[in-house]
Every structure is written in C-alpha cells, then in structure tokens.
file coords.cif (mmCIF, C-alpha atoms)
data_final
loop_
_atom_site.label_atom_id
_atom_site.label_comp_id
_atom_site.auth_asym_id
_atom_site.auth_seq_id
_atom_site.Cartn_x
_atom_site.Cartn_y
_atom_site.Cartn_z
CA MET A 82 -48.47 0.21 -7.08
CA THR A 83 -46.88 -3.09 -8.09
CA SER A 84 -48.90 -5.96 -9.56
CA PHE A 85 -48.02 -9.61 -10.16
CA VAL A 86 -49.34 -11.31 -13.28
CA VAL A 87 -49.27 -15.12 -13.05
CA THR A 88 -49.90 -17.38 -16.03
CA PRO A 89 -50.38 -21.11 -15.36
CA THR A 90 -47.75 -23.31 -16.99
CA GLY A 91 -49.50 -26.66 -16.55
CA ARG A 92 -46.39 -28.43 -15.32
CA PRO A 93 -44.96 -29.27 -11.89
CA LEU A 94 -42.38 -27.01 -10.33
CA SER A 95 -38.85 -28.22 -9.70
CA GLY A 96 -35.56 -26.95 -8.32
CA HIS A 97 -33.93 -25.74 -5.11
CA VAL A 98 -34.42 -22.41 -3.34
CA VAL A 99 -32.16 -21.07 -0.61
CA ALA A 100 -34.46 -19.65 2.06
CA PRO A 101 -33.89 -16.02 3.10
CA GLY A 102 -32.91 -15.22 6.67
CA ASP A 103 -35.73 -15.56 9.16
CA LYS A 104 -37.36 -12.18 9.70
CA SER A 105 -38.43 -12.81 13.31
CA ILE A 106 -34.98 -13.96 14.39
CA GLY A 107 -33.37 -11.19 12.34
CA HIS A 108 -35.23 -8.50 14.31
CA ARG A 109 -34.13 -10.07 17.59
CA ALA A 110 -30.54 -10.63 16.47
CA LEU A 111 -30.19 -6.95 15.60
CA LEU A 112 -31.95 -5.53 18.63
CA PHE A 113 -30.33 -7.85 21.17
CA SER A 114 -26.89 -7.26 19.63
CA ALA A 115 -27.33 -3.55 20.37
CA LEU A 116 -27.89 -4.48 24.01
CA ALA A 117 -24.70 -6.53 24.21
CA ALA A 118 -21.57 -5.36 26.02
CA THR A 119 -19.32 -6.72 23.25
CA PRO A 120 -19.44 -6.57 19.43
CA VAL A 121 -21.71 -9.17 17.82
CA ARG A 122 -21.30 -10.65 14.34
CA VAL A 123 -24.72 -11.30 12.81
CA GLN A 124 -24.73 -13.68 9.86
CA GLY A 125 -27.58 -14.62 7.53
CA LEU A 126 -29.78 -11.54 7.81
CA GLY A 127 -32.50 -11.27 5.19
CA SER A 128 -32.68 -8.22 2.94
CA GLY A 129 -36.33 -7.40 3.67
CA ALA A 130 -37.41 -3.87 4.52
CA ASP A 131 -38.72 -4.88 7.96
CA ASN A 132 -35.32 -6.02 9.27
CA GLY A 133 -33.88 -2.87 7.71
CA ARG A 134 -36.12 -0.77 9.95
CA THR A 135 -34.79 -2.49 13.06
CA ALA A 136 -31.21 -2.03 11.81
CA LYS A 137 -31.79 1.72 11.44
CA ALA A 138 -33.51 1.88 14.82
CA ILE A 139 -30.55 0.47 16.74
CA VAL A 140 -28.25 3.00 15.07
CA ALA A 141 -30.61 5.76 16.22
CA LEU A 142 -30.22 4.38 19.76
CA GLY A 143 -26.42 4.55 19.73
CA ALA A 144 -25.23 1.38 17.98
CA THR A 145 -22.89 1.30 15.02
CA THR A 146 -22.96 -1.32 12.28
CA ALA A 147 -20.45 -2.36 9.65
CA ARG A 148 -20.43 -5.00 6.92
CA ALA A 149 -17.75 -7.71 7.04
CA GLY A 150 -18.33 -10.08 4.16
CA ASP A 151 -21.71 -11.75 4.67
CA GLU A 152 -21.89 -10.58 8.28
CA LEU A 153 -23.11 -7.40 9.93
CA VAL A 154 -20.97 -6.44 12.91
CA VAL A 155 -22.97 -4.62 15.56
CA HIS A 156 -21.20 -2.49 18.18
CA GLY A 157 -23.94 -1.72 20.65
CA PRO A 158 -23.95 0.68 23.59
CA GLY A 159 -25.31 -2.04 25.90
CA LEU A 160 -28.62 -2.40 27.71
CA ARG A 161 -28.04 0.42 30.19
CA HIS A 162 -26.29 2.87 27.87
CA LEU A 163 -28.70 3.41 25.00
CA SER A 164 -28.91 7.02 23.85
CA ALA A 165 -31.91 9.15 23.08
CA PRO A 166 -32.77 8.98 19.37
CA PRO A 167 -32.19 12.30 17.58
CA ALA A 168 -35.56 12.04 15.82
CA PRO A 169 -38.72 9.89 15.89
CA ILE A 170 -37.94 6.33 14.81
CA ASP A 171 -39.63 5.20 11.59
CA CYS A 172 -40.74 1.56 11.92
CA GLY A 173 -42.13 1.44 8.38
CA ASN A 174 -44.51 -1.50 8.01
CA SER A 175 -42.88 -3.58 10.74
CA GLY A 176 -45.13 -4.51 13.64
CA THR A 177 -42.29 -6.47 15.25
CA THR A 178 -40.00 -3.43 15.21
CA ILE A 179 -42.49 -1.09 16.86
CA ARG A 180 -43.72 -3.57 19.48
CA LEU A 181 -40.27 -4.74 20.57
CA LEU A 182 -38.95 -1.18 20.68
CA THR A 183 -41.93 -0.08 22.77
CA GLY A 184 -41.02 -2.65 25.40
CA LEU A 185 -37.33 -1.79 25.37
CA LEU A 186 -37.79 1.98 25.44
CA ALA A 187 -40.50 1.99 28.11
CA GLY A 188 -37.86 1.70 30.85
CA GLN A 189 -35.22 4.03 29.41
CA PRO A 190 -34.30 7.38 31.03
CA PHE A 191 -35.04 9.37 27.86
CA ALA A 192 -38.13 10.12 25.80
CA SER A 193 -38.70 8.61 22.37
CA GLU A 194 -41.28 8.45 19.61
CA LEU A 195 -42.15 5.60 17.24
CA PHE A 196 -44.19 5.83 14.06
CA GLY A 197 -44.81 3.86 10.88
CA ASP A 198 -46.48 3.82 7.50
CA GLU A 199 -50.21 4.10 6.87
CA SER A 200 -50.78 0.39 7.46
CA LEU A 201 -48.81 0.26 10.72
CA SER A 202 -50.58 3.40 11.94
CA ARG A 203 -53.87 1.50 11.93
CA ARG A 204 -52.61 -1.44 13.98
CA PRO A 205 -53.74 -1.52 17.64
CA MET A 206 -51.04 -1.46 20.27
CA ALA A 207 -53.14 -1.73 23.43
CA ARG A 208 -52.04 -5.32 24.13
CA VAL A 209 -48.46 -4.08 24.51
CA ILE A 210 -49.12 -0.70 26.08
CA ALA A 211 -51.61 -1.71 28.79
CA PRO A 212 -49.23 -4.05 30.68
CA LEU A 213 -46.34 -1.62 30.19
CA ARG A 214 -48.43 1.14 31.75
CA ALA A 215 -49.17 -1.22 34.65
CA MET A 216 -45.39 -1.52 35.10
CA GLY A 217 -45.14 2.28 35.38
CA ALA A 218 -44.44 3.31 31.77
CA HIS A 219 -45.96 6.50 30.37
CA ILE A 220 -46.96 5.90 26.75
CA THR A 221 -49.44 7.82 24.64
CA GLY A 222 -50.58 7.31 21.07
CA LYS A 223 -52.69 8.86 18.36
CA ASP A 224 -55.77 7.51 20.12
CA GLY A 225 -55.62 7.70 23.89
CA GLY A 226 -58.49 5.24 24.31
CA ALA A 227 -58.47 1.47 24.57
CA ASP A 228 -57.09 0.94 21.06
CA VAL A 229 -53.92 3.00 21.09
CA THR A 230 -52.38 3.30 17.62
CA PRO A 231 -49.08 4.78 16.37
CA PRO A 232 -47.42 7.23 16.51
CA LEU A 233 -46.40 6.35 20.05
CA ARG A 234 -44.76 8.76 22.47
CA ILE A 235 -42.81 7.13 25.29
CA ALA A 236 -41.92 9.41 28.20
CA ALA A 237 -38.58 9.23 29.98
CA CYS A 238 -38.69 6.68 32.80
CA VAL A 239 -37.87 8.64 35.97
CA GLU A 240 -38.14 5.64 38.30
CA ARG A 241 -37.46 2.03 37.34
CA LEU A 242 -40.38 0.07 36.00
CA ARG A 243 -41.99 -2.46 38.32
CA GLY A 244 -42.08 -6.14 37.46
CA CYS A 245 -45.49 -7.56 36.61
CA ASP A 246 -47.35 -10.85 36.40
CA HIS A 247 -49.26 -10.66 33.14
CA THR A 248 -51.33 -13.26 31.30
CA LEU A 249 -51.78 -12.72 27.58
CA ALA A 250 -55.32 -13.16 26.29
CA ILE A 251 -53.91 -14.20 22.92
CA ALA A 252 -50.50 -15.85 22.52
CA SER A 253 -48.13 -13.36 20.90
CA ALA A 254 -44.36 -13.57 20.61
CA GLN A 255 -44.17 -9.82 19.93
CA VAL A 256 -46.07 -8.82 23.08
CA LYS A 257 -44.23 -11.43 25.15
CA THR A 258 -40.84 -10.15 23.98
CA ALA A 259 -41.79 -6.52 24.58
CA LEU A 260 -42.64 -7.28 28.22
CA VAL A 261 -39.50 -9.37 28.68
CA LEU A 262 -37.38 -6.48 27.36
CA ALA A 263 -39.10 -4.10 29.75
CA GLY A 264 -38.49 -6.59 32.55
CA LEU A 265 -34.73 -6.51 31.94
CA THR A 266 -34.55 -3.03 33.49
CA ALA A 267 -37.48 -3.35 35.92
CA THR A 268 -37.39 -4.06 39.64
CA GLY A 269 -38.47 -7.49 40.81
CA THR A 270 -39.77 -10.29 38.64
CA THR A 271 -41.62 -9.92 35.37
CA ARG A 272 -43.67 -12.97 34.49
CA VAL A 273 -45.51 -13.41 31.17
CA ARG A 274 -47.96 -16.27 30.72
CA GLU A 275 -49.52 -17.42 27.44
CA PRO A 276 -52.57 -19.57 26.69
CA TRP A 277 -50.40 -21.43 24.18
CA ARG A 278 -46.69 -21.14 23.62
CA SER A 279 -45.80 -18.74 20.83
CA ARG A 280 -42.47 -18.68 18.98
CA ASP A 281 -39.63 -18.65 21.50
CA HIS A 282 -36.66 -17.17 19.64
CA SER A 283 -36.34 -14.34 22.17
CA GLU A 284 -36.07 -16.74 25.08
CA HIS A 285 -33.37 -18.82 23.35
CA LEU A 286 -31.27 -15.82 22.32
CA LEU A 287 -31.53 -13.86 25.56
CA ALA A 288 -30.71 -16.93 27.64
CA ALA A 289 -27.68 -17.58 25.43
CA MET A 290 -26.57 -13.98 26.04
CA GLY A 291 -26.76 -14.30 29.82
CA ALA A 292 -30.13 -12.73 30.65
CA PRO A 293 -31.67 -13.81 33.99
CA LEU A 294 -34.47 -15.62 32.22
CA THR A 295 -36.30 -18.84 33.00
CA VAL A 296 -38.96 -20.67 31.01
CA ALA A 297 -41.50 -23.06 32.51
CA ASP A 298 -44.23 -24.49 30.32
CA ARG A 299 -46.10 -21.44 28.95
CA ALA A 300 -44.55 -18.85 31.28
CA VAL A 301 -41.41 -16.75 30.92
CA GLU A 302 -39.80 -14.99 33.89
CA ILE A 303 -37.20 -12.24 34.06
CA ASP A 304 -35.57 -11.28 37.37
CA GLY A 305 -34.58 -7.65 36.97
CA ASP A 306 -32.75 -7.47 40.30
CA GLY A 307 -29.41 -8.95 41.21
CA TRP A 308 -27.67 -8.91 37.85
CA ASP A 309 -25.25 -6.48 36.26
CA GLY A 310 -27.19 -5.88 33.04
CA ARG A 311 -24.45 -7.45 30.95
CA LEU A 312 -25.46 -9.36 27.81
CA ALA A 313 -22.83 -10.91 25.56
CA ILE A 314 -22.51 -13.24 22.57
CA ASP A 315 -19.87 -13.39 19.85
CA ARG A 316 -21.96 -14.41 16.85
CA ILE A 317 -25.59 -14.97 15.91
CA VAL A 318 -26.38 -17.03 12.82
CA VAL A 319 -29.87 -16.21 11.57
CA PRO A 320 -31.60 -19.36 10.28
CA GLY A 321 -33.58 -19.57 7.07
CA ASP A 322 -37.19 -18.41 7.29
CA PRO A 323 -39.86 -21.14 7.48
CA SER A 324 -42.62 -18.60 6.80
CA SER A 325 -41.03 -17.74 3.45
CA ALA A 326 -40.30 -21.39 2.70
CA ALA A 327 -43.97 -22.22 3.30
CA PHE A 328 -45.03 -20.38 0.14
CA LEU A 329 -42.64 -22.39 -2.02
CA VAL A 330 -43.60 -25.68 -0.39
CA ALA A 331 -47.24 -24.82 -0.99
CA ALA A 332 -46.53 -23.81 -4.59
CA ALA A 333 -44.98 -27.21 -5.23
CA LEU A 334 -48.06 -28.95 -3.80
CA VAL A 335 -50.58 -26.70 -5.54
CA ALA A 336 -48.88 -27.03 -8.92
CA GLY A 337 -49.18 -30.83 -8.73
CA VAL A 338 -45.89 -32.30 -7.58
CA ASP A 339 -45.62 -35.97 -8.54
CA GLY A 340 -42.22 -36.53 -6.96
CA ALA A 341 -39.55 -34.85 -4.84
CA GLY A 342 -39.03 -31.99 -7.28
CA VAL A 343 -38.71 -28.98 -4.98
CA THR A 344 -36.33 -28.43 -2.05
CA VAL A 345 -36.20 -25.32 0.13
CA GLY A 346 -33.75 -24.47 2.85
CA PRO A 347 -32.03 -24.57 5.11
CA ILE A 348 -34.58 -23.20 7.58
CA THR A 349 -35.15 -23.29 11.32
CA VAL A 350 -37.34 -26.22 12.33
CA ASN A 351 -37.96 -24.85 15.81
CA PRO A 352 -41.23 -26.57 16.84
CA THR A 353 -42.87 -23.18 17.55
CA ARG A 354 -42.45 -22.36 13.84
CA THR A 355 -43.32 -25.61 12.07
CA GLY A 356 -47.05 -25.78 12.64
CA PHE A 357 -47.59 -25.39 8.89
CA LEU A 358 -45.67 -28.63 8.28
CA ASP A 359 -47.89 -30.44 10.77
CA VAL A 360 -51.01 -29.09 9.04
CA LEU A 361 -49.76 -30.15 5.61
CA ALA A 362 -49.03 -33.63 6.97
CA GLN A 363 -52.62 -33.80 8.26
CA MET A 364 -53.72 -32.93 4.73
CA GLY A 365 -51.74 -35.82 3.27
CA ALA A 366 -48.60 -34.09 2.03
CA VAL A 367 -45.21 -35.76 2.38
CA ILE A 368 -42.43 -33.28 3.20
CA GLU A 369 -39.07 -34.64 4.24
CA ARG A 370 -36.51 -32.93 6.48
CA ARG A 371 -33.00 -33.43 5.17
CA ASP A 372 -29.48 -32.53 6.33
CA PRO A 373 -30.32 -31.61 9.95
CA PHE A 374 -27.96 -29.34 11.88
CA GLY A 375 -28.02 -26.72 14.63
CA TYR A 376 -27.87 -22.91 14.44
CA PHE A 377 -27.74 -22.09 18.15
CA ARG A 378 -29.26 -23.54 21.28
CA GLY A 379 -32.94 -24.27 20.66
CA GLU A 380 -32.76 -23.51 16.91
CA ASP A 381 -32.23 -26.63 14.82
CA GLY A 382 -32.24 -26.48 11.04
CA ALA A 383 -33.03 -28.67 8.05
CA THR A 384 -33.81 -28.52 4.32
CA LEU A 385 -37.36 -29.34 3.24
CA ALA A 386 -37.96 -31.69 0.31
CA VAL A 387 -41.49 -31.72 -1.12
CA ALA A 388 -42.70 -35.13 -2.26
CA ALA A 389 -46.06 -36.29 -3.55
CA ALA A 390 -49.31 -36.47 -1.61
CA PRO A 391 -49.87 -40.19 -2.31
CA ALA A 392 -53.62 -40.17 -1.73
CA GLY A 393 -54.19 -36.54 -2.70
CA LEU A 394 -54.65 -33.62 -0.34
CA ARG A 395 -57.64 -33.59 1.96
CA GLY A 396 -59.30 -30.97 4.14
CA THR A 397 -58.46 -30.76 7.81
CA SER A 398 -59.08 -28.70 10.92
CA LEU A 399 -56.70 -26.58 12.96
CA GLY A 400 -57.05 -24.44 16.03
CA GLY A 401 -55.55 -23.79 19.44
CA GLU A 402 -51.84 -24.40 19.82
CA LEU A 403 -51.46 -25.53 16.21
CA VAL A 404 -52.77 -22.21 14.88
CA VAL A 405 -50.35 -20.31 17.15
CA ARG A 406 -47.47 -22.29 15.61
CA ALA A 407 -48.76 -21.56 12.09
CA ILE A 408 -50.25 -18.09 12.49
CA ASP A 409 -48.26 -16.42 9.68
CA GLU A 410 -48.92 -19.34 7.36
CA VAL A 411 -52.72 -19.38 7.64
CA PRO A 412 -53.28 -17.55 4.28
CA ILE A 413 -51.08 -19.99 2.37
CA LEU A 414 -52.55 -22.99 4.21
CA ALA A 415 -55.99 -21.74 3.17
CA ALA A 416 -54.71 -21.61 -0.40
CA VAL A 417 -53.61 -25.25 -0.18
CA ALA A 418 -56.99 -26.11 1.34
CA ALA A 419 -58.61 -24.65 -1.78
CA ILE A 420 -57.17 -27.47 -3.95
CA ALA A 421 -57.75 -30.21 -1.36
CA GLU A 422 -60.78 -32.49 -1.21
CA GLY A 423 -63.29 -31.60 1.48
CA GLU A 424 -63.66 -28.87 4.05
CA THR A 425 -60.92 -27.16 6.07
CA VAL A 426 -61.93 -25.40 9.30
CA ILE A 427 -59.58 -22.87 10.94
CA THR A 428 -60.37 -21.52 14.43
CA ASP A 429 -58.63 -19.51 17.18
CA ALA A 430 -57.04 -17.22 14.58
CA GLY A 431 -58.30 -13.88 15.89
CA GLU A 432 -54.70 -12.59 15.87
CA LEU A 433 -55.00 -12.39 12.07
CA LYS A 434 -57.49 -9.54 12.29
CA VAL A 435 -54.77 -7.12 13.45
CA LYS A 436 -52.00 -7.96 10.98
CA GLU A 437 -51.08 -5.86 7.92
CA SER A 438 -54.70 -6.40 6.90
CA ASP A 439 -57.60 -8.24 8.49
CA ARG A 440 -56.16 -11.48 7.17
CA ILE A 441 -59.30 -13.48 7.80
CA ALA A 442 -61.32 -11.13 5.59
CA THR A 443 -58.63 -10.70 2.94
CA THR A 444 -57.94 -14.45 2.76
CA VAL A 445 -61.65 -15.16 2.24
CA ALA A 446 -61.88 -12.46 -0.44
CA MET A 447 -58.81 -13.88 -2.21
CA LEU A 448 -60.22 -17.41 -2.23
CA ARG A 449 -63.61 -16.27 -3.50
CA GLY A 450 -61.87 -14.39 -6.30
CA PHE A 451 -60.56 -17.72 -7.56
CA GLY A 452 -64.02 -19.29 -7.33
CA VAL A 453 -63.36 -21.12 -4.07
CA GLU A 454 -66.16 -21.35 -1.52
CA ALA A 455 -64.94 -19.74 1.69
CA GLU A 456 -66.49 -17.99 4.66
CA ALA A 457 -65.25 -16.07 7.68
CA GLN A 458 -66.58 -17.49 10.94
CA GLY A 459 -65.80 -15.62 14.15
CA ASP A 460 -62.07 -15.90 14.80
CA GLY A 461 -61.45 -18.19 11.84
CA LEU A 462 -62.64 -19.34 8.44
CA VAL A 463 -63.98 -22.32 6.52
CA VAL A 464 -62.65 -23.34 3.10
CA VAL A 465 -64.45 -25.83 0.84
CA GLY A 466 -61.78 -27.44 -1.31
CA ARG A 467 -62.26 -27.89 -5.05
CA GLY A 468 -59.87 -30.79 -5.42
CA ARG A 469 -58.00 -30.71 -8.72
CA ARG A 470 -60.65 -28.81 -10.65
CA PRO A 471 -59.10 -25.68 -12.19
CA LEU A 472 -59.69 -22.43 -10.35
CA ARG A 473 -61.15 -19.33 -11.98
CA ALA A 474 -58.58 -16.77 -13.10
CA ALA A 475 -58.81 -13.85 -10.70
CA ARG A 476 -57.93 -10.24 -10.13
CA VAL A 477 -56.99 -9.97 -6.45
CA HIS A 478 -56.33 -6.83 -4.45
CA ALA A 479 -53.81 -7.77 -1.78
CA GLU A 480 -54.72 -4.79 0.42
CA GLY A 481 -51.02 -4.06 0.87
CA ASP A 482 -50.53 -7.40 2.66
CA HIS A 483 -47.47 -9.31 1.49
CA ARG A 484 -48.74 -12.71 2.62
CA ILE A 485 -52.02 -12.30 0.76
CA ALA A 486 -50.13 -11.30 -2.39
CA MET A 487 -47.85 -14.34 -2.18
CA ALA A 488 -50.69 -16.76 -1.36
CA ALA A 489 -52.69 -15.45 -4.33
CA SER A 490 -49.66 -15.90 -6.59
CA VAL A 491 -49.48 -19.55 -5.56
CA LEU A 492 -53.18 -20.19 -6.23
CA ALA A 493 -52.89 -18.50 -9.61
CA LEU A 494 -50.59 -21.35 -10.70
CA VAL A 495 -53.68 -23.57 -11.19
CA ALA A 496 -56.21 -21.03 -12.49
CA ASP A 497 -57.83 -21.39 -15.93
CA GLY A 498 -55.99 -18.35 -17.27
CA PRO A 499 -53.72 -15.45 -16.27
CA SER A 500 -54.42 -13.85 -12.88
CA ARG A 501 -53.43 -10.42 -11.61
CA ILE A 502 -52.54 -9.59 -8.01
CA ASP A 503 -52.59 -5.84 -7.32
CA ASP A 504 -51.04 -3.87 -4.44
CA ALA A 505 -48.18 -6.35 -4.01
CA ASP A 506 -45.48 -3.80 -3.14
CA ASN A 507 -45.11 -4.98 0.44
CA VAL A 508 -43.82 -8.40 -0.59
CA ALA A 509 -40.48 -6.61 -0.28
CA THR A 510 -41.05 -6.24 3.46
CA SER A 511 -40.76 -9.97 4.09
CA TYR A 512 -39.47 -11.77 1.00
CA PRO A 513 -37.80 -9.57 -1.63
CA GLY A 514 -36.65 -12.68 -3.54
CA PHE A 515 -40.11 -14.24 -3.82
CA VAL A 516 -40.64 -13.54 -7.54
CA ALA A 517 -37.17 -14.81 -8.47
CA ALA A 518 -37.65 -17.91 -6.30
CA LEU A 519 -41.02 -18.84 -7.80
CA THR A 520 -39.96 -18.20 -11.41
CA GLY A 521 -36.75 -20.13 -10.75
CA LEU A 522 -38.88 -23.18 -9.97
CA GLY A 523 -40.67 -22.83 -13.31
CA ALA A 524 -43.60 -20.51 -12.61
CA ASP A 525 -44.63 -17.80 -15.09
CA LEU A 526 -44.83 -14.66 -12.96
CA ARG A 527 -44.03 -11.15 -14.08
CA VAL A 528 -44.09 -7.86 -12.22
CA GLU A 529 -45.99 -4.89 -13.66
CA PRO A 530 -46.51 -1.33 -12.43
#

call {"tool": "encode", "arguments": {"input": "coords.cif", "output": "structure tokens"}}
result
Amino acid sequence: MTSFVVTPTGRPLSGHVVAPGDKSIGHRALLFSALAATPVRVQGLGSGADNGRTAKAIVALGATTARAGDELVVHGPGLRHLSAPPAPIDCGNSGTTIRLLTGLLAGQPFASELFGDESLSRRPMARVIAPLRAMGAHITGKDGGADVTPPLRIAACVERLRGCDHTLAIASAQVKTALVLAGLTATGTTRVREPWRSRDHSEHLLAAMGAPLTVADRAVEIDGDGWDGRLAIDRIVVPGDPSSAAFLVAAALVAGVDGAGVTVGPITVNPTRTGFLDVLAQMGAVIERRDPFGYFRGEDGATLAVAAAPAGLRGTSLGGELVVRAIDEVPILAAVAAIAEGETVITDAGELKVKESDRIATTVAMLRGFGVEAEAQGDGLVVVGRGRRPLRAARVHAEGDHRIAMAASVLALVADGPSRIDDADNVATSYPGFVAALTGLGADLRVEP
C-alpha cells in the first residue's frame, strides 16, 4: 500500500504543469478507433492504468496497436468485424472501460466476459444492464438481482438488438455512451434522454467519424438502420484532462496564491467539463483561459492561469446541471470549500455514491480528519469553511480512491504539520504524474510504502 506524506511549506506554489491526456476522451479514442474501417492515429493519450485497460481490451477484440513517436496507431477490425476475445477481459479499476464495453459487446455475435479488481467488482451495473436487456441483450453478473455487479457474462447476440427510448434517472456519460454503442448495431432508433446533459465527448467523436447520430437538447439518437456501419477518421488528438488540472488549480488556491503563479494546460474547455471552473468563479477565484485553440469539432482547448481571489474565497452552493458538469471534481471542490469563508452546500450528487468509493462519505471523512466541519446530507454534503485558519494535520485513508487521495494531498498543504494519506495506490489509474506535478510547483510531498 502506497502512502503520501505531505509537509506544509508555508509558501505559494508556482510554475507550469502540462496536463496529462484526458482519460474520458482517451477511452473513447481507443475504443472508437477499433471500430473504424481505416487506421487511426491517436495522439496525446495519458499513461494512466485505466486507459491502458481499454487499450488491452481492443487488442483482445481484434485490433492491433503500434507506437509511432508520440502517437498510437490503431488498426481496428471495424464495428461489424470484432472477434471474440480469447479470455475474459480484465477492466482493472476502470468503470468507463467496463460500462462502454458492455454496451458495445451486447450486440455482438459472440459471447464475452468482463471483470475487474476488487473495487470495480463492487460497483453496480444495473443502470447499464437494464436498458440493454430491454433491447434484447442477455447479460448476467455475480448478482442476478437488481444490483448486478461484475464479473459480467454477455451472451452472443443471435438476433439484432432492438432500438429503445430510454430516459436516464441520473445523467451519466458512461451509461449514455454504452447505449449509443449498442444502438449502432441495433434495429431502428435508439434514443437516450438525460435530466441534465453529461459530458458529450462520445457524441462529438462518433459524429466526426460518420455515425448516424443526432443530438437535440438533452437527447441523443442513433439510427441503426440504413447505414453501412462504416466509421472513419484519420487522427484523434486527445486533449489535456481538466479533471487532473483541477487538483493543481485547487492546490494553487489552497496554498495561498497572491498572483498568477501557476499555469496548467492545455486542457479541453468543453462546457460539459468545466463546471469546476464555474464553481471556483462563484467562490471568488480568478482563473484565466489563455492561448485558446481547437482539438476537434466540439473540443476547444486553453491553458488555465490561476490568479488571486481578490476578496478571498467564499462558500457557495451547487446542484443540478452544475454538479453534472463537475461530478469528478466534487472532492477537490469540497477541499477548496474547506478554506473558504462560510458554508458550501452540494446537492444532486448521488452519482458519487457508486464511484471507486462512496465519495460523499469518503469526502466527509477526509474533511473531518483535517478538522473541517462537514456532513453528508442525502445526495450531497455541506462543508463549513474555516477561512485561512490552519487545518489540523491528518492521517487520511483514501479507501483506494484516487480522487480522495489527491484532494487530501491538496488540503495537507495548509495543515499545521505533516499529514499522511494512506491507500493512495490508485492515483496511478488517473494521474500517474500527480506527485511530480505537485512537487514541481513547490509542494513537499513524498511517497512511502
């Protein structure tokens, strides 16, 4: 088990960090490239273990990959020519890998099995499996009841799946994409509606590749009939990851930035991914977007420059659509709320209960460890900020959750002594360069077994 030990330095952070490739887009770039009729050059992939699981999965399904400089060239078999995997596919700790593959494999003419590590094996899959079963898929899991969990066994699809009209109870880009992938090989129209619009990288990429996809407000439609199943694109450039950048932006704010000392980027500034920037602005932070440019249609990029919070940070409230656009950043936003003045109320975040940990519970426990008043309330939490009073040095158990480990490392920058964050191994799943990035900005963080 890996632990982080963070010793406060008492000085602002400064420097520039190049953001790693976006994990969400990386998964999609790899998987969709395997469905393409022509080779695809994928540039900018992150080195995290999660994207590595998807890369191995597409090879198991008949793709070949080769490095060419900083690019990965994917030669895929195409949507209708995937091959049966020779063994169960190990998805590791990656919820995106297992959910997207479940949707894709549900309509294939061969059987397959998906499994993961201990953490992934506890994560419920019913939200994906129930609508797929309604489309005609035959999927069983460890628990055949309402909360199906991995390993998942997907039977060969003898007849084509049927299109469906499904409304998600909770906005989820993973579930949405899984149903869209199933709809590519289904008969008729598959329509997925969301209460709020989740991240839309799948829609942008698939449309660019020629999929029969339309988007209207909070609904996505796929017409499985009347097209030849051909997807094609020459190159996919994976943008920098805003979820990783958020931890460094927050670290700059927490450590007491008095000027534009930290820059991070370039990252995608797709509006479905920048909710955390809107929340920080509500709290009084000034974060500039510099050097704008485009990655591909719908994915614009920029570098973030962290400046001062002129009147200090203040508590705020977030829920609804704003939480959907900042769902992965809730733990680090709660950490920033801990050093703000006043109360921060977060609602509509029930999705966090089925992440790598119950992130509402683990975020509250982390905050309390540092002496911050916090409480879980239904599908959210309340944080009572301490302003600039030093936090209590803490020993935090991250429960194997990479985002809790990184958020605790940021809060430890302003504790009254060294803090220890245990069970931090899974930081490698999302941001292997996190320790180097934070220490490069001036933090005192060391890794211990």

call {"tool": "resolve_selection", "arguments": {"input": "coords.cif", "expression": "the PyMOL selection byres ((chain A and resi 240) around 12)", "output": "list in words"}}
result
Ala187, Gly188, Gln189, Pro190, Phe191, Met216, Gly217, Ala218, His219, Ala236, Ala237, Cys238, Val239, Arg241, Leu242, Arg243, Thr266, Ala267 and Thr268 of chain A

call {"tool": "atom_distance", "arguments": {"input": "coords.cif", "atom1": "atom CA of Gly291 of chain A", "atom2": "atom CA of Ser114 of chain A"}}
result
12.4 Å

call {"tool": "closest_residue", "arguments": {"input": "coords.cif", "among": "A:Arg280, A:Arg161, A:Lys223, A:Lys436", "to": "Leu312 of chain A", "atoms": "only C-alpha atoms"}}
result
A:Arg161

call {"tool": "resolve_selection", "arguments": {"input": "coords.cif", "expression": "the PyMOL selection byres ((chain A and resi 482-496) around 7)", "output": "list in words"}}
result
Val87, Thr88, Pro89, Phe328, Ala332, Ala336, Pro412, Ile413, Ala416, Glu437, Ser438, Thr444, Met447, Pro471, Leu472, Arg473, Ala474, Ala479, Glu480, Gly481, Asp497, Gly498, Ser500, Ile502, Ala505, Asn507 and Val508 of chain A

call {"tool": "resolve_selection", "arguments": {"input": "coords.cif", "expression": "the PyMOL selection byres ((chain A and resi 517-522) around 9)", "output": "JSON, numbers by chain"}}
result
{"A": [93, 94, 95, 96, 97, 98, 99, 329, 332, 333, 343, 491, 513, 514, 515, 516, 523, 524, 525, 526, 527]}

call {"tool": "atom_distance", "arguments": {"input": "coords.cif", "atom1": "atom CA of Ile170 of chain A", "atom2": "atom CA of Ser193 of chain A"}}
result
7.9 Å

call {"tool": "closest_atom_pairs", "arguments": {"input": "coords.cif", "of": "segment 269-350 of chain A", "to": "segment 143-152 of chain A", "cutoff": "12 Å", "atoms": "all atoms listed in the file", "output": "tab-separated table"}}
result
residue	atom	partner	partner_atom	distance
A:Arg316	CA	A:Glu152	CA	9.4
A:Ile317	CA	A:Glu152	CA	9.5
A:Val318	CA	A:Glu152	CA	9.1
A:Val319	CA	A:Glu152	CA	10.3

call {"tool": "closest_residue", "arguments": {"input": "coords.cif", "among": "A:Arg311, A:Arg501, A:Arg234, A:Arg299", "to": "Gly159 of chain A", "atoms": "all atoms listed in the file"}}
result
A:Arg311

call {"tool": "atom_distance", "arguments": {"input": "coords.cif", "atom1": "atom CA of Thr177 of chain A", "atom2": "atom CA of Val417 of chain A"}}
result
26.8 Å

call {"tool": "residues_around", "arguments": {"input": "coords.cif", "residues": "Asp198 of chain A", "least_positions_apart": "5", "cutoff": "12 Å", "atoms": "all atoms listed in the file", "output": "ChimeraX atom specification"}}
result
/A:131,134,170-176,179,203-204,230-232,437,481,507

call {"tool": "residues_around", "arguments": {"input": "coords.cif", "residues": "segment 405-410 of chain A", "least_positions_apart": "5", "cutoff": "6 Å", "atoms": "all atoms listed in the file", "output": "list in words"}}
result
Thr353, Arg354, Gly356 and Phe357 of chain A

call {"tool": "residues_near_point", "arguments": {"input": "coords.cif", "point": "(-19.7, -13.6, 22.4)", "cutoff": "8 Å", "atoms": "all atoms listed in the file", "output": "MDAnalysis selection string"}}
result
chainID A and resid 119:121 290 313:316

call {"tool": "closest_residue", "arguments": {"input": "coords.cif", "among": "A:Glu194, A:Asp503, A:Glu424, A:Glu199", "to": "Gly468 of chain A", "atoms": "all atoms listed in the file"}}
result
A:Glu424

call {"tool": "closest_residue", "arguments": {"input": "coords.cif", "among": "A:Asn351, A:Lys257, A:Phe196, A:Ala115", "to": "Pro276 of chain A", "atoms": "all atoms listed in the file"}}
result
A:Lys257

call {"tool": "residues_around", "arguments": {"input": "coords.cif", "residues": "Gly133 of chain A", "least_positions_apart": "5", "cutoff": "10 Å", "atoms": "all atoms listed in the file", "output": "VMD selection string"}}
result
chain A and resid 107 to 108 111 126 to 128 138 172 to 173 175 178 510
